[in-house]
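Undergrad: Shown below is the structure under consideration.
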Amino acid sequence: MSVRLEAIRFNHDPASATADALNIRRNATDFVDVPEWRRGISVNPEDAPAAYALAETQGQTLTIQAQLRATGAHAGSTLWIRAIDPTHEPAPGPGGCFKLLTWLLKLLVRLLAGNVLGAVKRRKVHFPPGGLTGFETFTLKRVRLHAAGVGARTTTWRWQYSRKKRGPWKTFETTQHRIYVVAAVPKAPWTQAPYLASNTQLPWTEVLDYACQWALLAKDPDAAAAGVTRHVYDLGPGLITYDCPGGGGTRYASGSFNATRFLERLKGGTGNGYYVNCTDCATIVSTFANALGADLWQSRMEEPPGSPNWSFGLNPMLGIGSAVWQPCCGWPGFNYHEVAWKGGCTAADAVYDACLQVDGDADPTAAPHTPLLPIDLVFGAAGAGLYRDRLATPPTRGDCEPNPGSRQRRNVV
Amino acid sequence: MNAKRNAERLERLKARYDWDRWPGGPTGGELRGVRVGADLLPEWRLEHVDEVRAEGRPPLQHALFTRDRDAALSVEVWECDSTVAARVLLLELLDEFESPLVVRATGAAAVGDVAFVHGEHMALFAHGNLVVRVGNAGRELVAVDGPAREIAARLARPAGN
């Protein structure tokens with residue numbers, strides 16, 4: 001006679017993200033089926049992924065649903081069921097600095113890698129004579145999503161049953177789950193509806209694997225976007241570099257964002273090659289940051305209608321992958337430039353630019369240079385000392401105008 | 001981009017890139033159902049071909065070819081409805097280069113009906129109703145005029161020859 005766990009649903013209400021997990025898929029081709037954990041199918045944590053949004057779950061009670069089976073004498077009976085966090089250690093009592101230090105160290109490890117979903121609160125479950133229950137709702141306790149922040153971590157649960165409320169408890173299963181924590185519900189191009197296997201714009205866990213690592217511990221969308229921007233810039237020159245040879249053309253974002261090939265590149269494959277331009281960087285940053293709940297556009301700056309000029313001049317900068325301070329690739333200027341941009345993508349809105357570092361000191365036009373990666377930096381009016389002034393030379397700043405009409409969020413393929 | 005801004009932008013691009021001096025008709029016929037495969041560049045190894053569909057754009061086949069250890073070529077082929085549509089797409093693609101140094105190709109680099117280059121490492125040309133971009137994708141840089149000519153010649157031949 002025994003009790004078995006048959007399946008667990010984390011995303012048991014596709015219409016809501018407040019008390020359960022988000023609607024997700026793995027990549028362009030693979031959907032995440034619910035129940036996420038299934039006996040005999042889910043072996044590793046990544047076999048049973050689920051994602052939670054910090055903003056929407058704040059102050060809410062989280063629930064999961066589990067289906068159980070009892071055999072032998074337990075069929076037709078009522079048992080107490082719970083799942084404990086095997087990594088949980090209560091705070092030590094008095095016992096000296098070493099004990100406290102060890103506990104704090106373990107706490108840090110748990111924060112970075114431990115059970116962010118805490119434990120499954122005990123409840124009575126009635127097993128029908130056939131032994132198989134429906135999907136029973138369980139409440140989670142000691143949830144640490146908000147303390148932990150953005151990340152991709154493994155939650156381990158040791159499932160136990162008892163005839164009595166306070167035990168003795170008998171372990172009948174141990175399950176592991178890949179739990180993604182994002183700052184808020186993912187924004188476009190990512191969607192939560194329709195919740196169908198054919199909807200390729202549901203957030204991809206393969207994107208979250210990188211985005212969560214790049215924005216580890218972030219608590220809000222701005223901090224998450226900052227982490228993504230820093231890490232995308234740092235991909236150069238090892239993995240990607242600015243397309244000086246090809247004139248700064250896009251390789252990953254022509255019409256739509258070929259995230260599949262970019263992920264292939266991140267994993268060490270060829271992808272669409274070594275070179276990227278501003279459009280690629282803007283698209284990568286906004287798409288990965290928006291998967292974490294940021295709300296960024298891809299938008300251009302360029303000469304305004306009626307201008308006699310075709311481009312704007314550039315101050316010395318460090319293009320992605322380059323260690324040389326110069327106008328990008330030594331060119332006389334940019335025809336246009338595209339960045340991840342907040343709000344209405346106007347001069348009053350902030351940009352996140354992983355394509356280049358500008359000079360952040362009092363005189364961005366000349367050495368010495370102080371590298372500044374534009375993160376949440378307002379575009380600004382000419383002369384305001386903000387992004388525009390740091391990018392464009394003083395005489396051509398009027399030809400470096402935001403073009404909010406160009407703003408878009410490329411679909412992910 | 002809104003329609004008015006789009007139309008204005010297109011007119012600016014036509015002026016910038018001397019649209020009025022582009023040759024009138026295609027040098028060959030229009031091609032339908034073009035398949036990008038390993039035979040496009042026989043001396044290179046085809047890594048993959050992606051068919052990419054994006055709103056407002058004709059279908060794109062994006063291929064990656066490699067040779068030796070660090071040389072790679074990105075080859076993109078858009079199949080438009082007509083020669084005129086291909087020319088307009090060519091203009092739109094010219095608007096997606098950050099460098100102001102993309103110029104009309106001359107001499108041996110002038111492949112297809114209308115061609116533009118960035119130095120010797122990128123070629124963009126219209127060939128009938130097709131638009132083709134050939135660029136480096138690896139750390140080792142190669143001149144693209146040869147591969148671009150080869151691709152244009154291959155596209156001009158009927159399938160199977």
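Labeling convention for the structure tokens: chains A, B, ... as they appear, residues from 1 per chain, ligands from 1 in order of appearance.
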For chain B, which residues have at least one atom within 6 Å of chain A, if we go by only C-alpha atoms? Write them as a list in words, please.
TA: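 Written out as asked, the residues are Met1, Ala54, Phe97, Glu98, Ser99, Pro100, His118, His121, Met122, Ala137 and Gly138 of chain B.
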Undergrad: Leaving out range 153-162 of chain A and any residue of its chain fewer than 3 positions from it, which residues lie within 6 Å of it when counting only C-alpha atoms, given as a list of chain:residue names?
TA: A:Leu79, A:Trp80, A:Ile81, A:Arg82, A:Ala83, A:Ile84, A:Asp85, A:Ala113, A:Asn115, A:Gly167, A:Trp169, A:Lys170, A:Thr171, A:Phe172, A:Glu173, A:Thr174, A:Thr175, A:Gln176, A:His177, A:Arg178, A:Ile179
Undergrad: Within 7 Å of range 61-75 of chain B, counting only C-alpha atoms, which residues show up once you throw out same-chain ones fewer than 5 positions away? Write them as a VMD selection string, please.
TA: (chain A and resid 272) or (chain B and resid 36 44 to 52 133 to 141)
Undergrad: Just to be explicit: take each residue in the selection above, keep C-alpha atoms, and write the result as a short mmCIF file (atom, residue, chain, number, x, y, z; two decimals), in the first residue's frame.
TA:
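Writing done, so here's result25.cif:
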```cif
data_model
loop_
_atom_site.label_atom_id
_atom_site.label_comp_id
_atom_site.auth_asym_id
_atom_site.auth_seq_id
_atom_site.Cartn_x
_atom_site.Cartn_y
_atom_site.Cartn_z
CA ASN A 272 23.47 34.09 -37.85
CA VAL B 36 18.25 28.74 -51.44
CA TRP B 44 31.10 26.76 -49.14
CA ARG B 45 29.32 24.56 -46.62
CA LEU B 46 25.67 25.40 -46.03
CA GLU B 47 24.99 25.52 -42.27
CA HIS B 48 21.32 26.41 -42.38
CA VAL B 49 18.56 28.20 -44.27
CA ASP B 50 15.75 29.92 -42.38
CA GLU B 51 12.54 31.00 -44.01
CA VAL B 52 11.55 34.22 -42.28
CA ARG B 133 22.39 40.67 -49.46
CA VAL B 134 25.75 38.94 -49.03
CA GLY B 135 27.84 39.78 -45.99
CA ASN B 136 30.54 38.41 -43.77
CA ALA B 137 29.41 36.48 -40.71
CA GLY B 138 32.74 35.17 -39.39
CA ARG B 139 35.84 36.65 -37.79
CA GLU B 140 37.95 35.98 -40.89
CA LEU B 141 36.87 38.52 -43.48
#
```
Undergrad: CA of Ala148 in chain B and CA of Arg32 in chain B are how many Å apart?
TA: 19.7 Å
Undergrad: So which residues touch Leu124 in chain B within 6 Å, counting only C-alpha atoms, skipping near sequence neighbours fewer than 4 positions away, as a PyMOL selection string?
TA: chain B and resi 115-116+132-133
Undergrad: Report as an NGL selection string: the residues of range 31-78 of chain B with a DSSP assignment of strand (DSSP E), based on the backbone of this structure.
TA: :B and (45-52 or 60-67 or 71-78)
Undergrad: Residues as selected, C-alpha atoms, written as a PDB file, in the first residue's frame, can you do that?
TA:
```pdb
ATOM      1  CA  ARG B  45      29.324  24.557 -46.616  1.00  0.00           C
ATOM      2  CA  LEU B  46      25.675  25.401 -46.026  1.00  0.00           C
ATOM      3  CA  GLU B  47      24.985  25.518 -42.274  1.00  0.00           C
ATOM      4  CA  HIS B  48      21.317  26.410 -42.377  1.00  0.00           C
ATOM      5  CA  VAL B  49      18.559  28.196 -44.265  1.00  0.00           C
ATOM      6  CA  ASP B  50      15.747  29.922 -42.381  1.00  0.00           C
ATOM      7  CA  GLU B  51      12.536  31.000 -44.005  1.00  0.00           C
ATOM      8  CA  VAL B  52      11.550  34.216 -42.277  1.00  0.00           C
ATOM      9  CA  LEU B  60      13.080  35.981 -46.809  1.00  0.00           C
ATOM     10  CA  GLN B  61      15.424  33.007 -46.999  1.00  0.00           C
ATOM     11  CA  HIS B  62      18.414  33.603 -44.740  1.00  0.00           C
ATOM     12  CA  ALA B  63      21.309  31.191 -45.183  1.00  0.00           C
ATOM     13  CA  LEU B  64      24.617  30.837 -43.418  1.00  0.00           C
ATOM     14  CA  PHE B  65      27.584  29.336 -45.269  1.00  0.00           C
ATOM     15  CA  THR B  66      30.945  28.525 -43.678  1.00  0.00           C
ATOM     16  CA  ARG B  67      34.411  27.767 -45.024  1.00  0.00           C
ATOM     17  CA  ALA B  71      35.083  32.387 -42.498  1.00  0.00           C
ATOM     18  CA  ALA B  72      31.315  32.578 -42.815  1.00  0.00           C
ATOM     19  CA  LEU B  73      28.912  34.244 -45.210  1.00  0.00           C
ATOM     20  CA  SER B  74      25.396  35.418 -44.502  1.00  0.00           C
ATOM     21  CA  VAL B  75      23.210  35.244 -47.608  1.00  0.00           C
ATOM     22  CA  GLU B  76      19.710  36.713 -47.559  1.00  0.00           C
ATOM     23  CA  VAL B  77      17.322  36.373 -50.492  1.00  0.00           C
ATOM     24  CA  TRP B  78      13.976  38.183 -50.541  1.00  0.00           C
TER      25      TRP B  78
END
```
Undergrad: Identify, on the basis of only C-alpha atoms, every residue whose closest approach to range 13-27 of chain A does not exceed 8 Å; exclude the query and any residue fewer than 5 positions from it along the same chain; express the result as a PDB file with N, CA and C atoms, in the first residue's frame.
TA:
```
ATOM      1  N   VAL A  32       5.111  24.314 -23.306  1.00  0.00           N
ATOM      2  CA  VAL A  32       5.182  23.691 -21.978  1.00  0.00           C
ATOM      3  C   VAL A  32       3.781  23.180 -21.640  1.00  0.00           C
ATOM      4  N   ALA A  50       8.303  26.376 -14.509  1.00  0.00           N
ATOM      5  CA  ALA A  50       7.185  27.291 -14.234  1.00  0.00           C
ATOM      6  C   ALA A  50       7.777  28.666 -13.981  1.00  0.00           C
ATOM      7  N   ALA A  51       7.006  29.714 -14.312  1.00  0.00           N
ATOM      8  CA  ALA A  51       7.500  31.087 -14.139  1.00  0.00           C
ATOM      9  C   ALA A  51       6.494  31.904 -13.343  1.00  0.00           C
ATOM     10  N   TYR A  52       7.025  32.767 -12.480  1.00  0.00           N
ATOM     11  CA  TYR A  52       6.176  33.604 -11.626  1.00  0.00           C
ATOM     12  C   TYR A  52       6.587  35.065 -11.763  1.00  0.00           C
ATOM     13  N   ALA A  53       5.598  35.952 -11.695  1.00  0.00           N
ATOM     14  CA  ALA A  53       5.860  37.392 -11.828  1.00  0.00           C
ATOM     15  C   ALA A  53       5.812  38.058 -10.452  1.00  0.00           C
ATOM     16  N   GLU A  56       2.903  40.938  -9.886  1.00  0.00           N
ATOM     17  CA  GLU A  56       1.521  40.445  -9.855  1.00  0.00           C
ATOM     18  C   GLU A  56       1.267  39.504  -8.684  1.00  0.00           C
ATOM     19  N   THR A  57       2.293  38.833  -8.172  1.00  0.00           N
ATOM     20  CA  THR A  57       2.072  37.887  -7.067  1.00  0.00           C
ATOM     21  C   THR A  57       2.313  38.531  -5.698  1.00  0.00           C
ATOM     22  N   GLN A  58       2.769  39.793  -5.690  1.00  0.00           N
ATOM     23  CA  GLN A  58       3.049  40.486  -4.433  1.00  0.00           C
ATOM     24  C   GLN A  58       1.807  40.467  -3.523  1.00  0.00           C
ATOM     25  N   GLN A  60       0.003  38.054  -2.616  1.00  0.00           N
ATOM     26  CA  GLN A  60      -0.985  37.020  -2.957  1.00  0.00           C
ATOM     27  C   GLN A  60      -0.561  35.660  -2.378  1.00  0.00           C
ATOM     28  N   THR A  61      -1.540  34.813  -2.155  1.00  0.00           N
ATOM     29  CA  THR A  61      -1.253  33.441  -1.748  1.00  0.00           C
ATOM     30  C   THR A  61      -1.125  32.584  -3.004  1.00  0.00           C
ATOM     31  N   LEU A  62       0.007  31.911  -3.130  1.00  0.00           N
ATOM     32  CA  LEU A  62       0.223  31.078  -4.320  1.00  0.00           C
ATOM     33  C   LEU A  62      -0.312  29.676  -4.087  1.00  0.00           C
ATOM     34  N   THR A  63      -0.839  29.106  -5.148  1.00  0.00           N
ATOM     35  CA  THR A  63      -1.340  27.726  -5.053  1.00  0.00           C
ATOM     36  C   THR A  63      -0.821  26.900  -6.225  1.00  0.00           C
ATOM     37  N   ILE A  64      -0.764  25.595  -5.986  1.00  0.00           N
ATOM     38  CA  ILE A  64      -0.502  24.638  -7.061  1.00  0.00           C
ATOM     39  C   ILE A  64      -1.628  23.611  -7.016  1.00  0.00           C
ATOM     40  N   VAL A 185       4.756  40.571 -15.293  1.00  0.00           N
ATOM     41  CA  VAL A 185       4.278  39.776 -16.430  1.00  0.00           C
ATOM     42  C   VAL A 185       4.975  40.258 -17.713  1.00  0.00           C
ATOM     43  N   GLN A 192       0.413  36.696 -23.152  1.00  0.00           N
ATOM     44  CA  GLN A 192      -0.092  35.623 -22.295  1.00  0.00           C
ATOM     45  C   GLN A 192      -1.313  34.952 -22.925  1.00  0.00           C
ATOM     46  N   TYR A 195      -3.688  31.331 -25.003  1.00  0.00           N
ATOM     47  CA  TYR A 195      -2.867  30.279 -24.400  1.00  0.00           C
ATOM     48  C   TYR A 195      -3.031  29.000 -25.220  1.00  0.00           C
ATOM     49  N   ALA A 197      -0.797  26.175 -27.950  1.00  0.00           N
ATOM     50  CA  ALA A 197       0.520  25.673 -28.363  1.00  0.00           C
ATOM     51  C   ALA A 197       0.999  26.367 -29.636  1.00  0.00           C
ATOM     52  N   THR A 200       3.402  31.335 -30.623  1.00  0.00           N
ATOM     53  CA  THR A 200       4.864  31.328 -30.438  1.00  0.00           C
ATOM     54  C   THR A 200       5.351  32.537 -29.653  1.00  0.00           C
ATOM     55  N   LEU A 202       4.255  33.340 -26.628  1.00  0.00           N
ATOM     56  CA  LEU A 202       4.283  33.094 -25.173  1.00  0.00           C
ATOM     57  C   LEU A 202       5.753  33.127 -24.753  1.00  0.00           C
ATOM     58  N   PRO A 203       6.058  33.613 -23.549  1.00  0.00           N
ATOM     59  CA  PRO A 203       7.476  33.700 -23.146  1.00  0.00           C
ATOM     60  C   PRO A 203       8.185  32.357 -23.234  1.00  0.00           C
ATOM     61  N   TRP A 204       9.424  32.406 -23.746  1.00  0.00           N
ATOM     62  CA  TRP A 204      10.216  31.192 -23.938  1.00  0.00           C
ATOM     63  C   TRP A 204      11.129  30.967 -22.724  1.00  0.00           C
ATOM     64  N   THR A 205      11.138  29.739 -22.224  1.00  0.00           N
ATOM     65  CA  THR A 205      12.066  29.455 -21.115  1.00  0.00           C
ATOM     66  C   THR A 205      13.521  29.552 -21.585  1.00  0.00           C
ATOM     67  N   GLU A 206      13.775  29.278 -22.871  1.00  0.00           N
ATOM     68  CA  GLU A 206      15.157  29.378 -23.368  1.00  0.00           C
ATOM     69  C   GLU A 206      15.647  30.827 -23.359  1.00  0.00           C
ATOM     70  N   VAL A 207      14.736  31.774 -23.526  1.00  0.00           N
ATOM     71  CA  VAL A 207      15.101  33.187 -23.379  1.00  0.00           C
ATOM     72  C   VAL A 207      15.255  33.510 -21.895  1.00  0.00           C
ATOM     73  N   THR A 260      15.746  32.385 -32.223  1.00  0.00           N
ATOM     74  CA  THR A 260      16.228  31.004 -32.282  1.00  0.00           C
ATOM     75  C   THR A 260      17.703  30.980 -32.671  1.00  0.00           C
TER      76      THR A 260
END
```
Undergrad: Rank A:Arg300, A:His146, A:Arg230, A:Arg69 by their smallest atom-to-atom distance to Leu356 in chain A, using only C-alpha atoms, and report the top residue only.
TA: A:Arg230
Undergrad: Residues near Leu31 in chain B, anyone? I mean within 8 Å using only C-alpha atoms, not counting same-chain ones fewer than 6 positions away, as a list in words.
TA: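 Contacts, in chain order: Gly128, Asn129 and Leu130 of chain B.
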Undergrad: Would you kindly return, as a list in words, each protein, DNA or RNA residue with an atom no farther than 9 Å from any atom of Thr78 in chain A, considering only C-alpha atoms and excluding same-chain residues fewer than 2 positions away?
TA: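 My list of contacting residues is His74, Ala75, Gly76, Trp80, Lys124, Val125, His126, Phe127, Pro128 and Arg163 of chain A.
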